[in-house]
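**Q** Here it is, the structure in full.
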Amino acid sequence: MGRLFDFMLPEAKSPTADSTDALFHFINEVSLVLLLGITIAIIYFAVKYRRRSKDDKTPVITHNNALEVTWSVIPLMLTLVIFWWGYTGWLNLRAVPDDAYEVKVTGFKWAWNFEYENGAVSPNELHVPAGRPIKLVMISRDVLHSFYVPEYRVKHDVIPNRYTYVWFEAEEPGESQVYCTEYCGTSHSMMLAKVIVHEPEEFNTWLATANIPGSGTPVEQGKALVETNACQSCHSLDGSDLIGPSFKGIWGREELMSDGTTITVDENYIRESILNPGAKIVDGYQNQMASYQGLLDDDQIDAIIEYLKTLE
Amino acid sequence: MATAEATTKTLKVQRFKPSENPTNTYLTDEKGVWAWMTTVDHKKIGIMYLVAVAFFFALGGFLAIALRTKLLTGASIDFIDADAYNQLFTLHGAIMVFFVLVPSIPAALGNFIMPMQLGAKDVAFPRLNLASFYIYVVGAIFTFIALALNGLDTGWTFYTPYSTESGSSVIWVTTGVFILGFSSILTGTNFITTIHKLRAPGITWSKLPLNIWALYATSVIQVLATPVLAITLLLLIMERWLGIGIFDPAMGGDPVLFQHFFWFYSHPAVYIMIVPGFGIISEVISTFSKKTVFGYWAIALSSLAIAFIGFLVWGHHMFTSGQSAVATTVFSFLTFLVGIPTGIKIFNWVATLYKGSIKMDTPMLYVFIFLFLFSIGGFTGIMLGTLSVNIHLHDTYYVVAHFHYVMMGGTLIALLAGLHYWWPKMTGKMYNERLGKVSAVLIFIGFNVTFLPQFVMGSQGMPRRYYNYIDQFAPFHQTSTIGSYILGVGFLIMLYYLLHSLFRGEKAPANPWGSRALEWQATSPPDFHNFGHTPVVIHGPYDYHQPMEEFQLGIAVDTNGHGKDTHVEPDDPELDKWKNYSLG
Ligand code: HEM
Ligand SMILES: [Cu+2]
Ligand SMILES: [Cu+2]
């Protein structure tokens with residue numbers, strides 16, 4: 001049985017996972033024993049006391065206080081144990097060690113952005129050093145999301161109007177899957193990310209070379225902005241059709257709008273599409289893009305335009 | 001109280017043995033579509049609810065099959081796209097909860113059976129009862145308007161700020177559910193009054209069928225909790241429509257507040273759904289083991305305990321939401337407490353079987369299925385109430401499996417037990433027992449094949465409300481889909497033999513299961529006024545050690561103000577024995 005319950009859980013890669021897993025096993029085992037007890041009892045009774053004639057007489061057994069007390073008190077004790085065990089395990093999930101390394105997380109439709117102490121950002125990839133507690137300070141830019149890493153047994157909602165946090169400690173270098181577990185619309189199921197765990201020195205090297213917004217050539221900056229703002233969750237780079245038109249070959253393209261007019265994609269049109277997407281709707285698409293007013297400044301929009309020009 | 005006076009009176013009683021060939025029944029009285037639509041007869045209203053619920057169940061089930069078919073593969077492009085998928089699971093969930101489970105047992109079966117179990121002619125407010133039904137219909141119409149417009153994609157939980165921003169027809173659906181809520185509140189009020197005021201002479205609180213206790217507890221929750229849902233939806237409508245910031249942070253509101261409001265109703269609502277199921281289980285298990293229910297008071301009072309503690313655990317849906325740590329701790333603790341009365345019920349039912357005379361007819365088969373599936377639902381509920389484990393399992397398929405075990409394995413299976421149990425009484429026809437068993441077994445197998453794998457993939461981390469998934473989960477999803485097809489076949493067989501029984505079924509005897517409960521002492525189908533006399537009750541509904549004739553009593557001579565009774569045979573040779581009986 002233990003094997004089955006092990007199979008049910010993903011590998012445990014953070015120290016707090018052990019208590020959660022042990023409790024998961026314990027509850028499963030107790031439940032299984034009780035379930036078997038109930039099932040065997042009802043089947044046994046159904047066979048042993050099956051109706052033999054229409055006039056069967058049954059004894060009058062109305063109640064039995066000793067039994068009632070027994071089957072109230074034993075489950076009560078069991079659940080109190082379980083409650084306490086789960087409570088202490090959870091306290092550990094909430095108590096962040098003092099030396100935790102902090103990373104800022106922004107969730108938005110439909111991507112994750114991770115920001116580090118030196119200003120570096122990495123979209124949809126959380127890079128962390130092994131063997132050090134990590135604290136994620138999280139906020140959402142739009143609706144609710146939830147940050148979940150099964151292998152660390154941690155999860156917390158990401159909310160627009162306040163910071164929430166989770167902490168974990170990856171023991172070994174490797175990769176773990178991140179999911180969004182609070183329904184957030186069309187691409188909720190594609191709002192995935194990876195935790196990439198490095199050896200500590202390797203992490204420092206990565207951090208030093210990681211992309212810092214506002215550095216590099218305009219095209220590089222534009223590329224980074226398109227990635228960190230998850231434009232790709234709606235606009236493909238390879239010509240395939242997602243929620244919005246593909247960015248491939250967008251520059252200078254002639255396009256039919258839903259009101260019947262035709263436009264040519266130029267700087268002003270792109271700028272308008274980013275700041276006021278509802279103004280002109282490309283024929284065949286819905287008005288699904290949110291405005292980036294206040295999120296992208298002029299320099300950044302210029303950088304994006306430069307980058308889009310290169311996508312032929 | 002009316003019954004308190006009655007118990008001190010000496011009544012002239014006589015035996016009324018129900019006729020096996022009633023010429024005059026509620027189905028022969030007031031025929032025609034118009035008569036049905038304007039009827040205030042609780043039985044006809046119950047049947048109309050039953051038809052509506054069956055229709056919505058078929059619709060919700062069809063959507064479920066579409067969802068499962070999409071999930072055969074984890075592909076991100078399929079015969080339905082992501083937006084359509086999101087609409088489908090939202091509608092499936094909303095229909096199954098608001099249009100199927102909430103009204104199913106109380107409004108459909110309860111409406112039919114409750115007055116009969118009380119020996120009453122109807123509910124306390126028959127017109128209000130009809131009004132409740134039409135309010136339900138209006139609520140449904142609003143929902144269909146929403147479908148015809150932009151659908152709904154918020155999940156049945158309507159979480160803000162997504163639901164404030166969503167381009168789908170949120171206002172239509174919330175208005176629909178808001179209206180539906182009134183149907184629920186009015187039915188609850190009606191039932192509470194009926195149970196207090198319309199019990200036949202002799203039915204003291206300790207002789208009340210457990211089904212009535214369960215409906216009573218349910219009605220209390222309906223009346224107290226549903227207004228909160230109404231307020232919540234109203235606030236949401238105000239936010240969307242008038243732009244008043246209550247929940248949307250962009251307008252200065254707080255999204256977590258919405259969750260508190262929503263679950264303050266919706267957790268008690270899960271008890272609105274399951275508690276009436278408990279009532280059915282008690283009735284069926286006693287009848288098919290021919291035995292007094294073990295621990296009558298334990299079962300009756302645990303329903304009330306669940307109803308009250310159930311109001312204090314809503315925060316267990318919000319352990320990861322950012323609610324305060326103290327709240328989280330308290331909610332987890334109380335959640336375990338509400339598990340205890342539920343466990344007590346299960347043990348008492350099992351004990352009822354001990355030394356019984358057990359007959360495994362279809363309704364009893366469903367009771368066994370219920371005991372197994374609902375136990376799994378309960379144990380996995382304990383798992384989810386546990387703080388550290390909840391953090392891992394919340395919003396994964398583990399939760400999807402858990403609530404299907406509780407809602408479908410519990411409530412819906414109990415409903416099927418009740419439907420098969422009371423079918424002969426309601427329709428006057430027997431169904432094909434063998435097909436009944438085949439379909440029950442298929443449903444049992446299909447259900448487990450569908451939902452057991454979901455526990456495993458959920459524990460492994462598969463989130464819920466996902467349109468596509470990574471390869472690791474494919475075998476579980478595929479097994480689950482195959483299970484749902486088996487389940488579908490089971491229900492189609494049921495549809496077939498139930499319809500067949502309506503048109504070609506054998507005539508049902510008045511009391512095919514040999515039950516002692518009062519509703520079985522009427523003809524099948526019952527008279528327009530349920531009984532042609534005023535029933536008098538001297539034994540409890542589960543007193544199988546007492547002779548049948550002592551359960552078929554009514555006030556002698558007085559024919560209850562509606563003429564000489566023709567379809568009940570006062571043919572007891574020992575009639576004199578009953579002439580004067582003092583109650584109390
Ligand atoms: C009485 C019967 C049922 C009830 C009360 C019920 C209830 C629900 C509810 C409340 C949801 C959640 C919707 C949401 O997340 O917004 C749901 C989801 C779902 N149900 Fe059911 N359901 C029932 C039967 C079924 C059946 C028979 C199947 C399979 C054939 C099924 C398959 C699903 C699926 C695939 C989902 C979507 C899961 C997800 O994407 O998170 N349900 N159901
Ligand atoms: Cu999401
Ligand atoms: Cu709950």
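So you can find residues: chains in the structure tokens are A, B, ... in the order shown, residues in each start at 1, and ligands are numbered from 1 in order.
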Hey, which bits of chain A sit within 6 Å of chain B, and for each residue what's the closest pair of atoms and how far apart in Å (one decimal), counting only C-alpha atoms, rows by chain and increasing number, as a tab-separated table?

**A**
```
residue	atom	partner	partner_atom	distance
A:Met8	CA	B:Val456	CA	5.1
A:Leu9	CA	B:Gln460	CA	4.8
A:Pro10	CA	B:Gln460	CA	5.0
A:Thr20	CA	B:Val389	CA	5.5
A:Ser31	CA	B:Phe379	CA	5.9
A:Ala46	CA	B:Ile358	CA	6.0
A:Tyr49	CA	B:Ser357	CA	5.6
A:Arg50	CA	B:Ile358	CA	4.5
A:Arg51	CA	B:Ser357	CA	4.4
A:Thr58	CA	B:Gly356	CA	5.6
A:Thr62	CA	B:Phe294	CA	5.1
A:His63	CA	B:Gly295	CA	4.5
A:Phe83	CA	B:Thr386	CA	5.9
A:Gly86	CA	B:Ser388	CA	4.9
A:Tyr87	CA	B:Leu387	CA	5.6
A:Gly89	CA	B:Ser388	CA	5.4
A:Trp90	CA	B:Ser388	CA	4.5
A:Val143	CA	B:Pro161	CA	5.4
A:Pro150	CA	B:Gly461	CA	5.2
A:Arg153	CA	B:His392	CA	4.8
A:Val154	CA	B:His392	CA	5.9
A:Lys155	CA	B:Ile391	CA	5.8
A:His156	CA	B:Thr320	CA	4.9
A:Asp157	CA	B:Ser321	CA	5.2
A:Asn161	CA	B:Pro249	CA	5.8
A:Thr181	CA	B:Pro463	CA	5.7
A:Thr186	CA	B:Asp83	CA	5.4
A:Ser189	CA	B:Tyr466	CA	4.7
```

**Q** Could you report the residues within 10 Å of ligand 2, using only C-alpha atoms and all ligand atoms, as a PyMOL selection string?

**A** (chain A and resi 107-111+143-147+157-158+179-192) or (chain B and resi 463-466)

**Q** Could you give me, as a Markdown table, every chain B residue with an atom at most 8 Å from ligand 1, plus its closest atom pair and distance in Å to one decimal, counting only C-alpha atoms and all ligand atoms, rows ordered by chain then number?

**A**
```
| residue | atom | partner | partner_atom_place_in_ligand_line | distance |
| --- | --- | --- | --- | --- |
| B:Phe57 | CA | ligand 1 | 1 (C) | 7.3 |
| B:Gly60 | CA | ligand 1 | 24 (C) | 7.3 |
| B:Gly61 | CA | ligand 1 | 27 (C) | 5.6 |
| B:Phe62 | CA | ligand 1 | 30 (C) | 7.9 |
| B:Ala64 | CA | ligand 1 | 32 (C) | 4.5 |
| B:Ile65 | CA | ligand 1 | 30 (C) | 4.8 |
| B:Leu67 | CA | ligand 1 | 35 (C) | 5.0 |
| B:Arg68 | CA | ligand 1 | 35 (C) | 5.0 |
| B:Leu71 | CA | ligand 1 | 35 (C) | 7.6 |
| B:Asn86 | CA | ligand 1 | 40 (O) | 7.8 |
| B:Phe89 | CA | ligand 1 | 37 (C) | 5.0 |
| B:Thr90 | CA | ligand 1 | 16 (O) | 4.4 |
| B:Leu91 | CA | ligand 1 | 16 (O) | 7.5 |
| B:His92 | CA | ligand 1 | 43 (N) | 6.1 |
| B:Gly93 | CA | ligand 1 | 9 (C) | 3.7 |
| B:Ala94 | CA | ligand 1 | 10 (C) | 6.4 |
| B:Met96 | CA | ligand 1 | 5 (C) | 4.4 |
| B:Val97 | CA | ligand 1 | 5 (C) | 5.3 |
| B:Val100 | CA | ligand 1 | 5 (C) | 7.3 |
| B:Leu101 | CA | ligand 1 | 5 (C) | 6.2 |
| B:Thr154 | CA | ligand 1 | 16 (O) | 7.3 |
| B:Gly155 | CA | ligand 1 | 16 (O) | 3.5 |
| B:Trp156 | CA | ligand 1 | 16 (O) | 4.2 |
| B:Thr157 | CA | ligand 1 | 16 (O) | 6.2 |
| B:Thr396 | CA | ligand 1 | 41 (O) | 7.7 |
| B:Tyr397 | CA | ligand 1 | 41 (O) | 6.7 |
| B:Val400 | CA | ligand 1 | 38 (C) | 6.2 |
| B:Phe403 | CA | ligand 1 | 7 (C) | 7.3 |
| B:His404 | CA | ligand 1 | 6 (C) | 5.9 |
| B:Met407 | CA | ligand 1 | 5 (C) | 5.2 |
| B:Met408 | CA | ligand 1 | 1 (C) | 4.1 |
| B:Gly409 | CA | ligand 1 | 1 (C) | 7.9 |
| B:Thr411 | CA | ligand 1 | 1 (C) | 7.3 |
| B:Leu412 | CA | ligand 1 | 1 (C) | 5.3 |
| B:Phe447 | CA | ligand 1 | 27 (C) | 7.4 |
| B:Thr450 | CA | ligand 1 | 29 (C) | 6.7 |
| B:Pro463 | CA | ligand 1 | 41 (O) | 7.4 |
| B:Arg464 | CA | ligand 1 | 41 (O) | 3.6 |
| B:Arg465 | CA | ligand 1 | 40 (O) | 3.2 |
| B:Tyr466 | CA | ligand 1 | 40 (O) | 5.2 |
| B:Tyr467 | CA | ligand 1 | 40 (O) | 6.8 |
| B:Ser480 | CA | ligand 1 | 29 (C) | 7.9 |
| B:Thr481 | CA | ligand 1 | 30 (C) | 7.0 |
| B:Gly483 | CA | ligand 1 | 30 (C) | 7.6 |
| B:Ser484 | CA | ligand 1 | 30 (C) | 4.1 |
| B:Tyr485 | CA | ligand 1 | 30 (C) | 7.0 |
| B:Leu487 | CA | ligand 1 | 27 (C) | 6.7 |
| B:Gly488 | CA | ligand 1 | 30 (C) | 7.2 |
```

**Q** Taking 5 positions as the minimum chain separation for residues in the same chain, which residues sit within 10 Å of Ala100 (chain A) when counting only C-alpha atoms? Answer as a list in words.

**A**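 Contacts, with the query itself left out: Arg132, Pro133, Ile134, Lys135, Leu136, Trp167, Phe168 and Glu169 of chain A.
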
**Q** Using only N, CA and C atoms, please write the residues we just selected to a file, as a PDB file, in the first residue's frame.

**A**
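The result, written out as selection24.pdb:
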```
ATOM      1  N   ARG A 132      19.410  26.646  -0.367  1.00  0.00           N
ATOM      2  CA  ARG A 132      19.178  27.887   0.350  1.00  0.00           C
ATOM      3  C   ARG A 132      17.678  28.158   0.348  1.00  0.00           C
ATOM      4  N   PRO A 133      17.103  28.539   1.514  1.00  0.00           N
ATOM      5  CA  PRO A 133      15.663  28.822   1.501  1.00  0.00           C
ATOM      6  C   PRO A 133      15.362  29.985   0.560  1.00  0.00           C
ATOM      7  N   ILE A 134      14.274  29.853  -0.183  1.00  0.00           N
ATOM      8  CA  ILE A 134      13.880  30.899  -1.130  1.00  0.00           C
ATOM      9  C   ILE A 134      12.526  31.427  -0.687  1.00  0.00           C
ATOM     10  N   LYS A 135      12.407  32.742  -0.612  1.00  0.00           N
ATOM     11  CA  LYS A 135      11.107  33.328  -0.321  1.00  0.00           C
ATOM     12  C   LYS A 135      10.617  34.052  -1.568  1.00  0.00           C
ATOM     13  N   LEU A 136       9.412  33.706  -2.007  1.00  0.00           N
ATOM     14  CA  LEU A 136       8.840  34.390  -3.160  1.00  0.00           C
ATOM     15  C   LEU A 136       7.813  35.388  -2.656  1.00  0.00           C
ATOM     16  N   TRP A 167       7.514  29.927   0.679  1.00  0.00           N
ATOM     17  CA  TRP A 167       8.950  29.665   0.719  1.00  0.00           C
ATOM     18  C   TRP A 167       9.199  28.183   0.522  1.00  0.00           C
ATOM     19  N   PHE A 168      10.387  27.869   0.031  1.00  0.00           N
ATOM     20  CA  PHE A 168      10.782  26.471  -0.147  1.00  0.00           C
ATOM     21  C   PHE A 168      12.294  26.443  -0.179  1.00  0.00           C
ATOM     22  N   GLU A 169      12.831  25.253  -0.170  1.00  0.00           N
ATOM     23  CA  GLU A 169      14.288  25.127  -0.293  1.00  0.00           C
ATOM     24  C   GLU A 169      14.552  23.939  -1.189  1.00  0.00           C
TER      25      GLU A 169
END
```

**Q** Write out as a PyMOL selection string each polymer residue whose atoms come within 8 Å of Gln478 (chain B), counting only C-alpha atoms; drop sequence neighbours fewer than 4 positions from it.

**A** chain B and resi 71-73+474+482

**Q** Near region 240-243 of chain A, counting only C-alpha atoms, which residues have an atom at most 8 Å away, once you skip same-chain residues fewer than 4 positions from it, shown as a CSV table (one decimal) with N, CA and C atoms, in the first residue's frame?

**A**
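part03.csv, freshly written:
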```csv
chain,number,residue,atom,x,y,z
A,233,SER,N,1.8,34.6,-25.3
A,233,SER,CA,0.7,33.7,-25.0
A,233,SER,C,-0.5,34.0,-25.9
A,234,CYS,N,-0.5,35.2,-26.6
A,234,CYS,CA,-1.5,35.4,-27.6
A,234,CYS,C,-1.0,35.6,-29.0
A,235,HIS,N,0.2,36.1,-29.1
A,235,HIS,CA,0.8,36.3,-30.5
A,235,HIS,C,2.0,35.4,-30.7
A,236,SER,N,1.9,34.5,-31.7
A,236,SER,CA,3.0,33.6,-31.9
A,236,SER,C,4.1,34.3,-32.7
A,285,TYR,N,-10.7,38.5,-35.2
A,285,TYR,CA,-10.2,38.4,-33.8
A,285,TYR,C,-11.2,39.1,-32.9
A,288,GLN,N,-9.7,41.1,-27.2
A,288,GLN,CA,-9.4,40.4,-26.0
A,288,GLN,C,-8.1,40.9,-25.3
```

**Q** Grab me every residue within 7 Å of ligand 3, counting only C-alpha atoms and all ligand atoms, and send it over as JSON, numbers by chain.

**A** {"B": [266, 267, 270, 313, 314, 316, 317]}

**Q** When you look at Ala225 (chain B) with a cut-off of 8 Å (counting only C-alpha atoms), what residues show up, excluding the ones that are within fewer than 6 positions of it in the same chain? I need them as number ranges by chain.

**A** B: 264-265, 268-269

**Q** Restricting the output to N, CA and C atoms, write the selected residues as an mmCIF file, in the first residue's frame.

**A**
```
data_model
loop_
_atom_site.group_PDB
_atom_site.id
_atom_site.type_symbol
_atom_site.label_atom_id
_atom_site.label_comp_id
_atom_site.auth_asym_id
_atom_site.auth_seq_id
_atom_site.Cartn_x
_atom_site.Cartn_y
_atom_site.Cartn_z
ATOM 1 N N PHE B 264 -19.616 31.413 2.372
ATOM 2 C CA PHE B 264 -20.534 31.446 3.507
ATOM 3 C C PHE B 264 -21.861 30.808 3.105
ATOM 4 N N TYR B 265 -22.240 30.999 1.838
ATOM 5 C CA TYR B 265 -23.399 30.256 1.347
ATOM 6 C C TYR B 265 -23.001 28.859 0.885
ATOM 7 N N PRO B 268 -22.443 25.775 3.400
ATOM 8 C CA PRO B 268 -23.725 25.234 3.843
ATOM 9 C C PRO B 268 -24.493 24.592 2.686
ATOM 10 N N ALA B 269 -24.327 25.154 1.479
ATOM 11 C CA ALA B 269 -25.052 24.579 0.345
ATOM 12 C C ALA B 269 -24.647 23.133 0.088
#
```

**Q** Find the distance between CA of Ser183 (chain B) and CA of Phe133 (chain B) and write it in Å to one decimal.

**A** 6.7 Å

**Q** Could you check which of A:Thr164, A:Ser258, A:Asn92, A:Asn64 is closest to Ala17 (chain A), using only C-alpha atoms?

**A**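 Ranking A:Thr164, A:Ser258, A:Asn92, A:Asn64 by distance to Ala17 (chain A), first place goes to A:Asn92.
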